[in-house]
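Asks: Got a structure for you, questions after.
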Number of protein chains: 2
Amino acid sequence: MADKKKRRQRDPGSDDDTNQPFKSRVKPDPVILQTLQKLTDSVRAAVEASSSSSSKTLTLADLSLSSTCREVTDLSLSSVQSSIESLTLRIAHSILSGNGFAFDVPSRSAANQLYVPELDRIVLKDKSALRQYSNISTVRKATITARILQLIHQLCLKSIHVTKRDLFYTDVKLFQDQTQSDSVLDDVSCMLGCTRSSLNVIAAEKGVVVGRLIFSDNGDMIDCTKMGMGGKAIPPNIDRVGDMQSDALFILLVEKDAAYIRLAEDRFYNRFPCIIVTAKGQPDVATRLFLRKMKMELKLPVLALVDSDPYGLKILSVYGCGSKNMSYDSANLTTPDIKWLGIRPSDLDKYKIPEQCRLPMTEQDIKTGKDLLEEDFVKKNPGWVEELTLMVKTKQKAEIQALSSFGFQYLSEVYLPLKLQQQDWL
Amino acid sequence: MADKKKRRQRDPGSDDDTNQPFKSRVKPDPVILQTLQKLTDSVRAAVEASSSSSSKTLTLADLSLSSTCREVTDLSLSSVQSSIESLTLRIAHSILSGNGFAFDVPSRSAANQLYVPELDRIVLKDKSALRQYSNISTVRKATITARILQLIHQLCLKSIHVTKRDLFYTDVKLFQDQTQSDSVLDDVSCMLGCTRSSLNVIAAEKGVVVGRLIFSDNGDMIDCTKMGMGGKAIPPNIDRVGDMQSDALFILLVEKDAAYIRLAEDRFYNRFPCIIVTAKGQPDVATRLFLRKMKMELKLPVLALVDSDPYGLKILSVYGCGSKNMSYDSANLTTPDIKWLGIRPSDLDKYKIPEQCRLPMTEQDIKTGKDLLEEDFVKKNPGWVEELTLMVKTKQKAEIQALSSFGFQYLSEVYLPLKLQQQDWL
């Protein structure tokens, strides 16, 4: 008692243990590790069962969908090069035979998108449109398409990567603004049937990774347990990433920087063997590809820690089911079976998050939440529907950082261990 | 001739050598390396001369300024802790003797800022204001200040780092919004006379580094030549960075991601031994501290590659002279003697950047440019004044990426080598 009083005097702030909900419920680490081992084993078993049995991982081809769908695959640089060359030959033939030329470009509009529950991702249907050179309304876009094809062909010959911005600047006069070259670049991916990364056009890197992972980046071996607090920047070009090895039990996908820093400094991955990854907000293509590669090669469960607001769930859905803009590439960009660990709307009361750390949802937030409730990928998970309904009903949201109100390390020392121990994911 | 024709046929685009201005002027690498060695030697000699002679590096104390100035230093965690404890004791005394209490808080307003040409950076003058608890207009801020002091004290006891966002969430009810806790955090730095990093409050990491540098991050040795294309994320907490070693001849400070990726993929640092660093836009505190530490420990010249627009120069100035908001810490945050390598306004014509890759400056751009011309740190460098005057006169700006109009690798294969060879920096 005297001891407790003394502690209160020394440290009267929010870090007093008595203020930390559920701290006493956290069991010793070996118990929690056992729980995690079971999760990992079940994920591995499922992956192996599906790959060894005759019914291997479901693909679009396995489904008898009413509409045909279009998907792209990773192609080698030389395949991309020869695809462009044969396309060009076909065009030359067409011109020489007096027919002019046109590109047959897949439509990427919302009307041409389809959520496939069996695959749990958005795919592109097969509607396409002719982009004629001899038509005043399409001549500009046809020209841009030809120019982008030529530039990609150069990248193949040189075997280098460039950014979308670089691409734009090679011919500003023609492209006029970057949205035009960006959009045609996606068209070209679809037309050639290859992923955008196969075209060697990359986005700026944003994500970082730290924890129990070793991989090679452009020939260099990277040990992510030895990356200090800063972590390793996720490489922009996934095709040069390989040789992944890990003794982790799970992947912890974190929405934001601040939570990532807390976990990296506390070396959370040493206490609970895991790989911690974040795109620092909106998921970029490089981080999405990297997460998928980890999940597929290492066969690990993925647990997501996002804000308790509609955007947190939206971000989770982009990792899991893909974005509409790049639905043609959803097979390569999405990571199946991501579990929603927290912060979930029901956690707000359960973990007694103080009222002042919760924020009222704006009209826009509530609309986004309601829209999400109509999305197929949410509907198929009753747990998610329940949580989202609660969020929209209470009109309250909270950031991961709200847990700091119980002390800076509450996230790594109580909240996450308890979540893992209780298998409290959806 | 036949060979040339063949090449044209194979690669008719912008990468044709004949379209690349000055490609033929680039001398063999050993010649350029010799030039760089001279630059490095002169920087080292200057640093050593100033540190060995009786007149060591100039500090505020060496100058007889008309107004006294306030500067902060790096303090150990235990010093910060005891500073807070003595401050608290003084306050307790004041309360017990019936005088209530007040904090003496340095003013960080524009009127209290001073550019010191001898130091080439902005410093804070010594005006301060009493923040009384017993005054209705200051009671809230006084309370926030006391709370922040208490939270920092906790960080000292635990020896952990948190973000500003974490700090805010520990007491949302009191702070109301994050700008209030952020601003008082800077006040507390000033009051205690220590840097913000000494308080263990860090900003989210943004920067990356790649090239000829080895350093330790939180105890792990990091070899930046073995970081693939992604590079190493710059650690958010500089106090855990140390043991820097390098055989580089210079540091290349790059404004943006796209140029950084180009140089990292081409392993530019192997051809011309250097360290490449970028904050991906606006310089954050972690990258500024890291750059300064490299410059100071390795005694290397710093060459900057920024967009040719007022913001490029502004960014350069933040690295070089500091930002007004954190002028109290300019001694620790700024890197002296950064050279403006490019893209400079005069490069636009010199390197024949096509008209369509130049962008017209907006009214706001022009105003920012004119404002910069009035700033002391620009005025003291006649070369910069000349360039900036040209920019404002021609009303044209250009991004680094504009060089891609001569081929994706023009930056790394022609522009930068030639710049280095001609010692074309200001």
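Scheme for the structure tokens: letters A, B, ... for chains in order shown; per-chain residue numbers from 1; ligand numbers from 1 in order shown.
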Distance cut-off 8 Å, counting only C-alpha atoms - which residues of chain A neighbour chain B? Return them as a PyMOL selection string.
Replies: chain A and resi 11+13-14+150-151+154+160-163+165-167+169-173+204-205+208+216-222+226-237+257-258+261-262+265+356-357+401-408
Asks: Neighbours of stretch 290-292 of chain A within 7 Å (only C-alpha atoms; same-chain residues fewer than 6 positions away dropped), as a VMD selection string?
Replies: chain A and resid 238 333 to 335
Asks: When you draw a straight line from atom CA of A:Tyr410 to atom CA of A:Ala279, how long is it in Å?
Replies: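 So the two atoms, atom CA of A:Tyr410 and atom CA of A:Ala279, lie 22.5 Å apart.
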Asks: Tell me, as a ChimeraX atom specification, which residues lie within 9 Å of stretch 186-195 of chain A, counting only C-alpha atoms; anything in the same chain fewer than 2 positions away does not count.
Replies: /A:70-75,80,83-84,87,103-108,145,148-149,181-184,197-199,325-326,328-329,332
Asks: Identify, on the basis of only C-alpha atoms, every residue whose closest approach to A:Leu388 does not exceed 12 Å; exclude the query and any residue fewer than 5 positions from it along the same chain; express the result as number ranges by chain.
Replies: A: 308-314, 340, 343-346, 365-375, 378-379, 381-383, 393-397
Asks: Could you turn the residues from that selection into a file that holds C-alpha atoms, as a PDB file, in the first residue's frame?
Replies:
```
ATOM      1  CA  SER A 308     -11.288   3.271 -35.860  1.00  0.00           C
ATOM      2  CA  ASP A 309     -12.838   5.346 -38.616  1.00  0.00           C
ATOM      3  CA  PRO A 310     -14.237   4.626 -42.098  1.00  0.00           C
ATOM      4  CA  TYR A 311     -10.858   5.388 -43.682  1.00  0.00           C
ATOM      5  CA  GLY A 312      -9.128   2.792 -41.514  1.00  0.00           C
ATOM      6  CA  LEU A 313     -11.465   0.164 -42.893  1.00  0.00           C
ATOM      7  CA  LYS A 314     -11.134   1.604 -46.392  1.00  0.00           C
ATOM      8  CA  TRP A 340      -9.008  -6.660 -38.529  1.00  0.00           C
ATOM      9  CA  ILE A 343      -8.750  -0.302 -33.242  1.00  0.00           C
ATOM     10  CA  ARG A 344     -12.313  -1.513 -33.735  1.00  0.00           C
ATOM     11  CA  PRO A 345     -15.389   0.556 -32.878  1.00  0.00           C
ATOM     12  CA  SER A 346     -16.267  -1.927 -30.104  1.00  0.00           C
ATOM     13  CA  ASP A 365     -17.314  10.281 -42.393  1.00  0.00           C
ATOM     14  CA  ILE A 366     -20.812   8.950 -41.767  1.00  0.00           C
ATOM     15  CA  LYS A 367     -21.570   8.883 -45.492  1.00  0.00           C
ATOM     16  CA  THR A 368     -18.316   7.001 -46.196  1.00  0.00           C
ATOM     17  CA  GLY A 369     -19.194   4.555 -43.415  1.00  0.00           C
ATOM     18  CA  LYS A 370     -22.667   3.941 -44.849  1.00  0.00           C
ATOM     19  CA  ASP A 371     -21.247   3.508 -48.355  1.00  0.00           C
ATOM     20  CA  LEU A 372     -18.800   0.933 -47.013  1.00  0.00           C
ATOM     21  CA  LEU A 373     -21.700  -1.008 -45.491  1.00  0.00           C
ATOM     22  CA  GLU A 374     -23.015  -1.444 -49.054  1.00  0.00           C
ATOM     23  CA  GLU A 375     -19.727  -2.800 -50.355  1.00  0.00           C
ATOM     24  CA  VAL A 378     -17.656  -5.691 -46.055  1.00  0.00           C
ATOM     25  CA  LYS A 379     -20.982  -7.502 -46.347  1.00  0.00           C
ATOM     26  CA  ASN A 381     -17.785 -10.512 -43.173  1.00  0.00           C
ATOM     27  CA  PRO A 382     -20.581 -10.311 -40.573  1.00  0.00           C
ATOM     28  CA  GLY A 383     -18.120  -9.215 -37.875  1.00  0.00           C
ATOM     29  CA  LYS A 393     -24.602   4.415 -34.937  1.00  0.00           C
ATOM     30  CA  THR A 394     -22.356   5.915 -32.240  1.00  0.00           C
ATOM     31  CA  LYS A 395     -20.966   8.492 -34.708  1.00  0.00           C
ATOM     32  CA  GLN A 396     -17.619   8.246 -32.912  1.00  0.00           C
ATOM     33  CA  LYS A 397     -14.177   7.613 -34.292  1.00  0.00           C
TER      34      LYS A 397
END
```
Asks: Which neighbours of B:Leu36 fall inside 9 Å, counting only C-alpha atoms, when residues of the same chain fewer than 2 positions from it are skipped, and could you give them as JSON, numbers by chain?
Replies: {"B": [31, 32, 33, 34, 38, 39, 40, 41, 249, 250, 272, 420, 421, 423]}
Asks: Can I get the selected residues back with N, CA, C and O atoms, as a CSV table (one decimal), in the first residue's frame?
Replies:
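Below you can see again.csv, which holds the result:
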```csv
chain,number,residue,atom,x,y,z
B,31,VAL,N,39.0,12.1,-64.3
B,31,VAL,CA,39.2,13.6,-64.3
B,31,VAL,C,38.2,14.2,-63.3
B,31,VAL,O,38.5,15.1,-62.6
B,32,ILE,N,36.9,13.7,-63.4
B,32,ILE,CA,35.9,14.3,-62.6
B,32,ILE,C,36.1,14.0,-61.1
B,32,ILE,O,36.0,14.9,-60.2
B,33,LEU,N,36.6,12.8,-60.9
B,33,LEU,CA,36.9,12.4,-59.5
B,33,LEU,C,38.0,13.3,-58.9
B,33,LEU,O,38.0,13.6,-57.7
B,34,GLN,N,39.0,13.6,-59.7
B,34,GLN,CA,40.1,14.5,-59.2
B,34,GLN,C,39.5,15.9,-58.8
B,34,GLN,O,39.9,16.4,-57.7
B,38,LYS,N,39.5,17.5,-54.9
B,38,LYS,CA,40.0,18.8,-54.5
B,38,LYS,C,38.9,19.5,-53.7
B,38,LYS,O,39.3,20.1,-52.7
B,39,LEU,N,37.7,19.4,-54.1
B,39,LEU,CA,36.6,20.0,-53.3
B,39,LEU,C,36.6,19.5,-51.9
B,39,LEU,O,36.5,20.2,-50.9
B,40,THR,N,36.6,18.1,-51.8
B,40,THR,CA,36.6,17.5,-50.5
B,40,THR,C,37.7,17.9,-49.6
B,40,THR,O,37.6,18.3,-48.4
B,41,ASP,N,38.9,17.9,-50.2
B,41,ASP,CA,40.1,18.3,-49.5
B,41,ASP,C,40.0,19.8,-48.9
B,41,ASP,O,40.3,20.0,-47.8
B,249,LEU,N,33.1,11.3,-51.4
B,249,LEU,CA,33.8,12.6,-51.6
B,249,LEU,C,32.8,13.8,-51.4
B,249,LEU,O,33.2,14.9,-51.2
B,250,PHE,N,31.5,13.5,-51.4
B,250,PHE,CA,30.5,14.6,-51.2
B,250,PHE,C,29.2,14.0,-50.8
B,250,PHE,O,29.0,12.7,-50.9
B,272,PHE,N,30.6,7.9,-58.7
B,272,PHE,CA,31.1,9.0,-58.0
B,272,PHE,C,30.9,8.9,-56.5
B,272,PHE,O,29.7,9.0,-56.1
B,420,LEU,N,29.6,18.3,-62.0
B,420,LEU,CA,30.7,18.0,-61.0
B,420,LEU,C,32.0,18.4,-61.7
B,420,LEU,O,32.9,19.0,-61.1
B,421,GLN,N,32.2,18.0,-63.0
B,421,GLN,CA,33.4,18.2,-63.7
B,421,GLN,C,33.7,19.7,-63.8
B,421,GLN,O,34.8,20.1,-63.7
B,423,GLN,N,32.7,22.0,-61.8
B,423,GLN,CA,32.6,22.6,-60.5
B,423,GLN,C,31.5,23.6,-60.6
B,423,GLN,O,31.6,24.7,-60.0
```
Asks: Which residue is closest to A:Asn200? Choose from A:Ala129, A:Leu185, A:Met294, A:Ile152 and count only C-alpha atoms.
Replies: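 For A:Asn200, the nearest of the given residues is A:Ile152.
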Asks: What is the distance, in Å and to one decimal place, between atom CA of B:Thr287 and atom CA of B:Ser327?
Replies: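 We find that atom CA of B:Thr287 and atom CA of B:Ser327 lie 16.5 Å from each other.
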Asks: With only C-alpha atoms as the counted atoms, please give the residues lying no more than 9 Å from B:Val414, apart from itself and same-chain residues fewer than 2 positions off, as a short mmCIF file (atom, residue, chain, number, x, y, z; two decimals) with C-alpha atoms, in the first residue's frame.
Replies:
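And here is the file that came out, part_13.cif:
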```
data_model
loop_
_atom_site.label_atom_id
_atom_site.label_comp_id
_atom_site.auth_asym_id
_atom_site.auth_seq_id
_atom_site.Cartn_x
_atom_site.Cartn_y
_atom_site.Cartn_z
CA GLN B 20 21.42 15.09 -75.50
CA PRO B 21 23.02 18.49 -74.97
CA PHE B 22 26.64 18.38 -73.82
CA LYS B 23 26.91 14.60 -73.68
CA SER B 24 30.19 14.82 -75.61
CA ARG B 25 31.65 17.27 -73.11
CA VAL B 26 31.63 14.84 -70.20
CA GLN B 409 19.21 8.63 -67.49
CA TYR B 410 20.34 12.07 -68.67
CA LEU B 411 20.40 13.21 -65.03
CA SER B 412 22.82 10.54 -63.86
CA LEU B 416 25.37 15.55 -62.87
CA PRO B 417 28.78 14.36 -64.16
CA LEU B 418 29.16 17.57 -66.16
CA LYS B 419 28.10 19.73 -63.23
#
```
Asks: For B:Pro360, which of B:Glu48, B:Ile214, B:Ser330, B:Met391 is the closest residue, counting only C-alpha atoms?
Replies: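 Selected residue with least distance to B:Pro360: B:Met391.
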Asks: Tell me, which residues of stretch 72-297 of chain B carry DSSP strand (DSSP E or B), written as a PyMOL selection string?
Replies: chain B and resi 73+102-106+113-116+121-125+128-132+162-163+194+201-202+208-211+214-217+220-223+232-233+241-245+250-254+274-278
Asks: Tell me which protein, DNA and RNA residues are within 6 Å of B:Arg212, counting only C-alpha atoms, leaving out same-chain ones fewer than 2 positions away, and put them as a VMD selection string.
Replies: chain B and resid 225 246 248 274 to 275
Asks: Can you work out which one of A:Ala304, A:Ala264, A:Val201, A:Val392 has the shortest atom-to-atom distance to A:Ile251, counting only C-alpha atoms?
Replies: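 Nearest to A:Ile251: A:Ala304.
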